[in-house]
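Participant: If it helps, the file is called run-v3.pdb and holds PDB, C-alpha atoms, pLDDT in the B column:
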ATOM      1  CA  MET A  23      62.613  12.729 -20.500  1.00 88.00           C
ATOM      2  CA  ASN A  24      65.493  11.376 -18.458  1.00 94.00           C
ATOM      3  CA  LEU A  25      64.122  10.387 -15.019  1.00 96.00           C
ATOM      4  CA  THR A  26      66.152   9.099 -12.104  1.00 97.00           C
ATOM      5  CA  LEU A  27      63.818   7.707  -9.458  1.00 97.00           C
ATOM      6  CA  ASP A  28      64.775   6.444  -6.020  1.00 98.00           C
ATOM      7  CA  ILE A  29      61.941   4.434  -4.477  1.00 97.00           C
ATOM      8  CA  GLN A  30      62.235   3.782  -0.752  1.00 97.00           C
ATOM      9  CA  MET A  31      59.823   1.130   0.465  1.00 97.00           C
ATOM     10  CA  ALA A  32      59.124   1.656   4.164  1.00 97.00           C
ATOM     11  CA  SER A  33      55.606   0.248   4.238  1.00 97.00           C
ATOM     12  CA  SER A  34      54.188  -3.137   5.092  1.00 93.00           C
ATOM     13  CA  VAL A  35      51.508  -2.764   2.395  1.00 91.00           C
ATOM     14  CA  ASP A  36      52.272  -5.338  -0.264  1.00 85.00           C
ATOM     15  CA  ASP A  37      50.402  -4.101  -3.316  1.00 85.00           C
ATOM     16  CA  SER A  38      52.237  -0.863  -4.064  1.00 92.00           C
ATOM     17  CA  PRO A  39      52.555   0.047  -7.741  1.00 96.00           C
ATOM     18  CA  ASP A  40      55.570  -1.120  -9.721  1.00 96.00           C
ATOM     19  CA  GLU A  41      58.449   1.187 -10.654  1.00 97.00           C
ATOM     20  CA  ASP A  42      57.532   1.348 -14.349  1.00 97.00           C
ATOM     21  CA  SER A  43      54.013   2.561 -13.530  1.00 98.00           C
ATOM     22  CA  ILE A  44      55.323   5.161 -11.088  1.00 98.00           C
ATOM     23  CA  LYS A  45      57.822   6.440 -13.682  1.00 97.00           C
ATOM     24  CA  ARG A  46      55.068   6.698 -16.288  1.00 98.00           C
ATOM     25  CA  TRP A  47      52.884   8.702 -13.883  1.00 98.00           C
ATOM     26  CA  ILE A  48      55.752  11.023 -12.921  1.00 98.00           C
ATOM     27  CA  SER A  49      56.660  11.615 -16.561  1.00 97.00           C
ATOM     28  CA  ALA A  50      53.042  12.417 -17.426  1.00 97.00           C
ATOM     29  CA  ALA A  51      52.872  14.964 -14.589  1.00 98.00           C
ATOM     30  CA  ILE A  52      56.154  16.625 -15.542  1.00 97.00           C
ATOM     31  CA  ARG A  53      55.131  16.812 -19.221  1.00 93.00           C
ATOM     32  CA  ASP A  54      57.642  19.040 -21.046  1.00 87.00           C
ATOM     33  CA  GLU A  55      58.625  21.125 -18.010  1.00 88.00           C
ATOM     34  CA  ARG A  56      61.951  19.340 -17.459  1.00 91.00           C
ATOM     35  CA  GLU A  57      64.340  17.398 -19.639  1.00 91.00           C
ATOM     36  CA  THR A  58      66.133  15.685 -16.741  1.00 94.00           C
ATOM     37  CA  THR A  59      64.635  14.989 -13.338  1.00 95.00           C
ATOM     38  CA  GLU A  60      65.700  13.293 -10.123  1.00 97.00           C
ATOM     39  CA  LEU A  61      63.072  12.439  -7.559  1.00 97.00           C
ATOM     40  CA  THR A  62      62.785  10.326  -4.424  1.00 98.00           C
ATOM     41  CA  LEU A  63      59.538   8.553  -3.587  1.00 98.00           C
ATOM     42  CA  ARG A  64      59.240   7.119  -0.099  1.00 98.00           C
ATOM     43  CA  ILE A  65      56.286   4.807   0.518  1.00 98.00           C
ATOM     44  CA  VAL A  66      55.472   4.720   4.221  1.00 98.00           C
ATOM     45  CA  ASP A  67      53.006   3.432   6.801  1.00 98.00           C
ATOM     46  CA  GLU A  68      50.722   5.603   8.914  1.00 98.00           C
ATOM     47  CA  ALA A  69      53.099   6.192  11.836  1.00 98.00           C
ATOM     48  CA  GLU A  70      55.819   7.761   9.667  1.00 98.00           C
ATOM     49  CA  SER A  71      53.281   9.755   7.660  1.00 98.00           C
ATOM     50  CA  ALA A  72      51.697  11.099  10.855  1.00 98.00           C
ATOM     51  CA  GLU A  73      55.095  12.084  12.245  1.00 98.00           C
ATOM     52  CA  LEU A  74      56.066  13.925   9.044  1.00 98.00           C
ATOM     53  CA  ASN A  75      52.638  15.549   8.716  1.00 98.00           C
ATOM     54  CA  GLN A  76      52.865  16.871  12.275  1.00 98.00           C
ATOM     55  CA  CYS A  77      56.479  17.988  11.929  1.00 98.00           C
ATOM     56  CA  TYR A  78      56.217  19.754   8.554  1.00 97.00           C
ATOM     57  CA  ARG A  79      52.564  20.797   8.321  1.00 97.00           C
ATOM     58  CA  GLY A  80      51.566  21.006  11.981  1.00 98.00           C
ATOM     59  CA  LYS A  81      48.668  18.642  11.318  1.00 97.00           C
ATOM     60  CA  PRO A  82      47.950  15.493  13.345  1.00 98.00           C
ATOM     61  CA  GLY A  83      47.551  12.084  11.780  1.00 98.00           C
ATOM     62  CA  PRO A  84      48.711  10.497   8.553  1.00 98.00           C
ATOM     63  CA  THR A  85      47.997  11.998   5.133  1.00 98.00           C
ATOM     64  CA  ASN A  86      48.033  10.521   1.657  1.00 98.00           C
ATOM     65  CA  VAL A  87      50.920  12.462   0.077  1.00 98.00           C
ATOM     66  CA  LEU A  88      53.515  14.933   1.255  1.00 98.00           C
ATOM     67  CA  SER A  89      55.679  16.904  -1.170  1.00 98.00           C
ATOM     68  CA  PHE A  90      59.080  18.318  -0.345  1.00 98.00           C
ATOM     69  CA  PRO A  91      60.391  20.440  -3.240  1.00 97.00           C
ATOM     70  CA  PHE A  92      64.167  20.737  -3.592  1.00 96.00           C
ATOM     71  CA  ASP A  93      64.981  24.396  -3.078  1.00 92.00           C
ATOM     72  CA  ALA A  94      68.662  24.555  -2.147  1.00 90.00           C
ATOM     73  CA  VAL A  95      70.793  27.296  -3.630  1.00 89.00           C
ATOM     74  CA  THR A  96      73.515  25.696  -5.760  1.00 91.00           C
ATOM     75  CA  PRO A  97      76.171  27.179  -8.034  1.00 92.00           C
ATOM     76  CA  GLU A  98      74.851  25.112 -10.957  1.00 90.00           C
ATOM     77  CA  PRO A  99      71.247  24.109 -11.591  1.00 87.00           C
ATOM     78  CA  LEU A 100      70.547  20.571 -10.425  1.00 91.00           C
ATOM     79  CA  PRO A 101      67.917  18.217 -11.851  1.00 95.00           C
ATOM     80  CA  ILE A 102      66.599  17.348  -8.368  1.00 95.00           C
ATOM     81  CA  LEU A 103      62.857  17.953  -8.219  1.00 97.00           C
ATOM     82  CA  GLY A 104      62.353  16.883  -4.611  1.00 97.00           C
ATOM     83  CA  ASP A 105      60.869  14.140  -2.466  1.00 98.00           C
ATOM     84  CA  LEU A 106      57.406  12.622  -2.270  1.00 98.00           C
ATOM     85  CA  VAL A 107      56.181  10.646   0.720  1.00 98.00           C
ATOM     86  CA  ILE A 108      53.083   8.561   0.085  1.00 98.00           C
ATOM     87  CA  CYS A 109      51.292   6.711   2.863  1.00 98.00           C
ATOM     88  CA  ALA A 110      50.271   3.357   1.400  1.00 98.00           C
ATOM     89  CA  PRO A 111      47.540   2.461   3.940  1.00 98.00           C
ATOM     90  CA  VAL A 112      45.894   5.878   3.514  1.00 98.00           C
ATOM     91  CA  VAL A 113      45.930   5.598  -0.292  1.00 98.00           C
ATOM     92  CA  VAL A 114      44.388   2.111  -0.170  1.00 96.00           C
ATOM     93  CA  ARG A 115      41.736   3.218   2.346  1.00 97.00           C
ATOM     94  CA  GLU A 116      40.855   6.389   0.406  1.00 97.00           C
ATOM     95  CA  ALA A 117      40.544   4.449  -2.852  1.00 96.00           C
ATOM     96  CA  ALA A 118      37.969   2.174  -1.232  1.00 95.00           C
ATOM     97  CA  GLU A 119      36.116   5.093   0.385  1.00 95.00           C
ATOM     98  CA  GLN A 120      36.052   7.023  -2.907  1.00 93.00           C
ATOM     99  CA  GLN A 121      35.084   3.888  -4.861  1.00 93.00           C
ATOM    100  CA  LYS A 122      38.173   4.079  -7.092  1.00 94.00           C
ATOM    101  CA  THR A 123      40.672   1.427  -8.017  1.00 95.00           C
ATOM    102  CA  ALA A 124      43.798   1.460  -5.897  1.00 96.00           C
ATOM    103  CA  THR A 125      45.882   1.912  -9.064  1.00 97.00           C
ATOM    104  CA  ALA A 126      43.918   4.990 -10.113  1.00 97.00           C
ATOM    105  CA  HIS A 127      44.304   6.554  -6.680  1.00 97.00           C
ATOM    106  CA  TRP A 128      48.028   5.726  -6.533  1.00 98.00           C
ATOM    107  CA  ALA A 129      48.464   7.374  -9.944  1.00 98.00           C
ATOM    108  CA  HIS A 130      46.541  10.419  -8.759  1.00 98.00           C
ATOM    109  CA  MET A 131      48.612  10.780  -5.600  1.00 98.00           C
ATOM    110  CA  VAL A 132      51.848  10.566  -7.617  1.00 98.00           C
ATOM    111  CA  VAL A 133      50.593  13.116 -10.166  1.00 98.00           C
ATOM    112  CA  HIS A 134      49.261  15.395  -7.417  1.00 97.00           C
ATOM    113  CA  GLY A 135      52.534  15.244  -5.496  1.00 98.00           C
ATOM    114  CA  VAL A 136      54.674  15.899  -8.571  1.00 98.00           C
ATOM    115  CA  LEU A 137      52.545  18.921  -9.457  1.00 97.00           C
ATOM    116  CA  HIS A 138      53.228  20.287  -5.972  1.00 97.00           C
ATOM    117  CA  LEU A 139      56.961  19.731  -6.540  1.00 97.00           C
ATOM    118  CA  LEU A 140      56.614  21.731  -9.763  1.00 96.00           C
ATOM    119  CA  GLY A 141      55.060  24.638  -7.838  1.00 95.00           C
ATOM    120  CA  HIS A 142      51.339  24.064  -8.309  1.00 95.00           C
ATOM    121  CA  ASP A 143      49.107  24.497  -5.277  1.00 93.00           C
ATOM    122  CA  HIS A 144      45.480  24.570  -4.166  1.00 91.00           C
ATOM    123  CA  ILE A 145      45.492  27.085  -1.342  1.00 90.00           C
ATOM    124  CA  ASP A 146      42.497  29.031  -2.658  1.00 91.00           C
ATOM    125  CA  ASP A 147      39.552  28.017  -4.841  1.00 91.00           C
ATOM    126  CA  ASP A 148      41.013  29.433  -8.078  1.00 92.00           C
ATOM    127  CA  GLN A 149      44.294  27.559  -7.554  1.00 93.00           C
ATOM    128  CA  ALA A 150      42.388  24.415  -6.602  1.00 92.00           C
ATOM    129  CA  ASP A 151      40.234  24.619  -9.739  1.00 93.00           C
ATOM    130  CA  ALA A 152      43.304  25.120 -11.950  1.00 95.00           C
ATOM    131  CA  MET A 153      45.258  22.306 -10.302  1.00 96.00           C
ATOM    132  CA  GLU A 154      42.299  19.926 -10.422  1.00 96.00           C
ATOM    133  CA  ALA A 155      41.798  20.663 -14.130  1.00 96.00           C
ATOM    134  CA  LEU A 156      45.475  19.926 -14.798  1.00 97.00           C
ATOM    135  CA  GLU A 157      45.325  16.715 -12.739  1.00 97.00           C
ATOM    136  CA  THR A 158      42.210  15.622 -14.623  1.00 97.00           C
ATOM    137  CA  GLU A 159      43.919  16.294 -17.968  1.00 97.00           C
ATOM    138  CA  ILE A 160      47.049  14.361 -16.945  1.00 98.00           C
ATOM    139  CA  MET A 161      45.035  11.445 -15.573  1.00 98.00           C
ATOM    140  CA  ALA A 162      43.087  11.271 -18.855  1.00 97.00           C
ATOM    141  CA  THR A 163      46.362  10.946 -20.787  1.00 98.00           C
ATOM    142  CA  LEU A 164      47.107   7.952 -18.549  1.00 98.00           C
ATOM    143  CA  ASN A 165      43.651   6.460 -19.289  1.00 97.00           C
ATOM    144  CA  PHE A 166      42.310   6.987 -15.770  1.00 97.00           C
ATOM    145  CA  PRO A 167      38.923   8.516 -14.938  1.00 95.00           C
ATOM    146  CA  PRO A 168      38.730  12.070 -13.592  1.00 96.00           C
ATOM    147  CA  PRO A 169      40.284  11.945 -10.103  1.00 95.00           C
ATOM    148  CA  TYR A 170      37.768  14.295  -8.512  1.00 91.00           C
ATOM    149  CA  GLN A 171      34.724  12.539  -9.925  1.00 80.00           C
ATOM    150  CA  THR A 172      33.203  10.768  -6.973  1.00 60.00           C
ATOM    151  CA  THR A 173      29.984   9.177  -5.927  1.00 51.00           C
ATOM    152  CA  PHE A 174      29.689  11.606  -2.997  1.00 43.00           C
ATOM    153  CA  GLU A 175      26.508  13.611  -2.756  1.00 42.00           C
ATOM    154  CA  SER A 176      28.198  16.635  -1.216  1.00 41.00           C
ATOM    155  CA  ASP A 177      30.349  19.275  -2.901  1.00 45.00           C
ATOM    156  CA  GLU A 178      33.396  18.305  -0.851  1.00 49.00           C
ATOM    157  CA  ARG A 179      36.575  17.536  -2.725  1.00 49.00           C
ATOM    158  CA  PRO A 180      38.297  14.222  -2.003  1.00 54.00           C
ATOM    159  CA  SER A 181      41.222  14.590   0.350  1.00 56.00           C
ATOM    160  CA  THR A 182      44.678  15.315  -1.020  1.00 63.00           C
ATOM    161  CA  GLY A 183      47.715  16.003   1.134  1.00 59.00           C
ATOM    162  CA  HIS A 184      50.703  18.134   0.326  1.00 56.00           C
TER     163      HIS A 184
END
How does the structure come out when it is put into structure tokens?

Facilitator:
Amino acid sequence: MNLTLDIQMASSVDDSPDEDSIKRWISAAIRDERETTELTLRIVDEAESAELNQCYRGKPGPTNVLSFPFDAVTPEPLPILGDLVICAPVVVREAAEQQKTATAHWAHMVVHGVLHLLGHDHIDDDQADAMEALETEIMATLNFPPPYQTTFESDERPSTGH
């Protein structure tokens, strides 16, 4: 796959994943669905995430990942998939809370966000089950543990943004 990735670093968190890892995760999520893809990934702090979450989802506070699919009408098809915004402090905090490595959670947030850009969703339980199964399959191909396997005693799913 031919992937053009624009990474915008707007976070003070120092241990964000490297570009090669991010590209590998994006490619794994896209699978064979696209031959050529352009995507922007913006890594932000909590203030920017909270502002975007409020503006576009009507929800207060920062969230881990926001997905903005490219949906403009153009005379010719364009390879632009869309934009992902990942809040670095939230990802690091959630990884610790969910007893996962930061790298595994970063990979999951990238995969989760790309799947949203490709049209997958988890609005109802059936969609959530299907998307979680796909995420688990993709994460396994990347040699990560199942992303929804937690040490929680409740049936609640770990938080994922949009």

Participant: How many Å separate atom CA of A:Val112 from atom CA of A:Met153?

Facilitator: 21.5 Å

Participant: Of the candidates A:Ala32, A:Leu106, A:Val132, A:Leu139, which shows the shortest atom-to-atom distance to A:Glu157, using only C-alpha atoms?

Facilitator: A:Val132

Participant: Nearest to A:Gly83: which of A:Asp151, A:Glu68, A:Glu60, A:Asp28 is it, counting all atoms listed in the file?

Facilitator: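 Checking each candidate against A:Gly83, we get A:Glu68 as the closest.
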
Participant: May I have the residues at most 10 Å from (48.0, 1.9, -0.3) in the file's coordinates, counting all atoms listed in the file, as JSON, numbers by chain?

Facilitator: {"A": [33, 34, 35, 36, 37, 38, 39, 65, 66, 67, 86, 108, 109, 110, 111, 112, 113, 114, 115, 116, 117, 124, 125, 127, 128]}

Participant: Would you kindly return, as a list in words, each protein, DNA or RNA residue with an atom no farther than 8 Å from any atom of A:Leu25, considering all atoms listed in the file and excluding same-chain residues fewer than 2 positions away?

Facilitator: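 Neighbouring residues, sequence-local ones excluded: Met23, Leu27, Lys45, Ser49, Thr58, Thr59, Glu60 and Leu61 of chain A.
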
Participant: Kindly assemble as a tab-separated table a list of the stretch 42-152 of chain A residues that lie within 7 Å of stretch 159-172 of chain A, each paired with its nearest atom pair and their distance in Å to one decimal, using all atoms listed in the file, sorted first by chain and then by ascending residue number.

Facilitator:
residue	atom	partner	partner_atom	distance
A:Ala50	CA	A:Ile160	CA	6.3
A:Ala51	CA	A:Ile160	CA	6.3
A:Gln120	CA	A:Thr172	CA	6.2
A:Ala126	CA	A:Phe166	CA	6.2
A:His130	CA	A:Pro169	CA	6.6

Participant: Write the residues of the preceding selection, restricted to C-alpha atoms, as a tab-separated table (two decimals), in the frame of the given file.

Facilitator:
chain	number	residue	atom	x	y	z
A	50	ALA	CA	53.04	12.42	-17.43
A	51	ALA	CA	52.87	14.96	-14.59
A	120	GLN	CA	36.05	7.02	-2.91
A	126	ALA	CA	43.92	4.99	-10.11
A	130	HIS	CA	46.54	10.42	-8.76

Participant: Please, what distance in Å, to one decimal, runs between atom CA of A:Asp105 and atom CA of A:Arg64?

Facilitator: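 Going from atom CA of A:Asp105 over to atom CA of A:Arg64 covers 7.6 Å.
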
Participant: Measuring atom to atom with all atoms listed in the file, identify which of A:Ala129, A:Ala69, A:Val136, A:Ala152 is nearest to A:Ser43.

Facilitator: A:Ala129
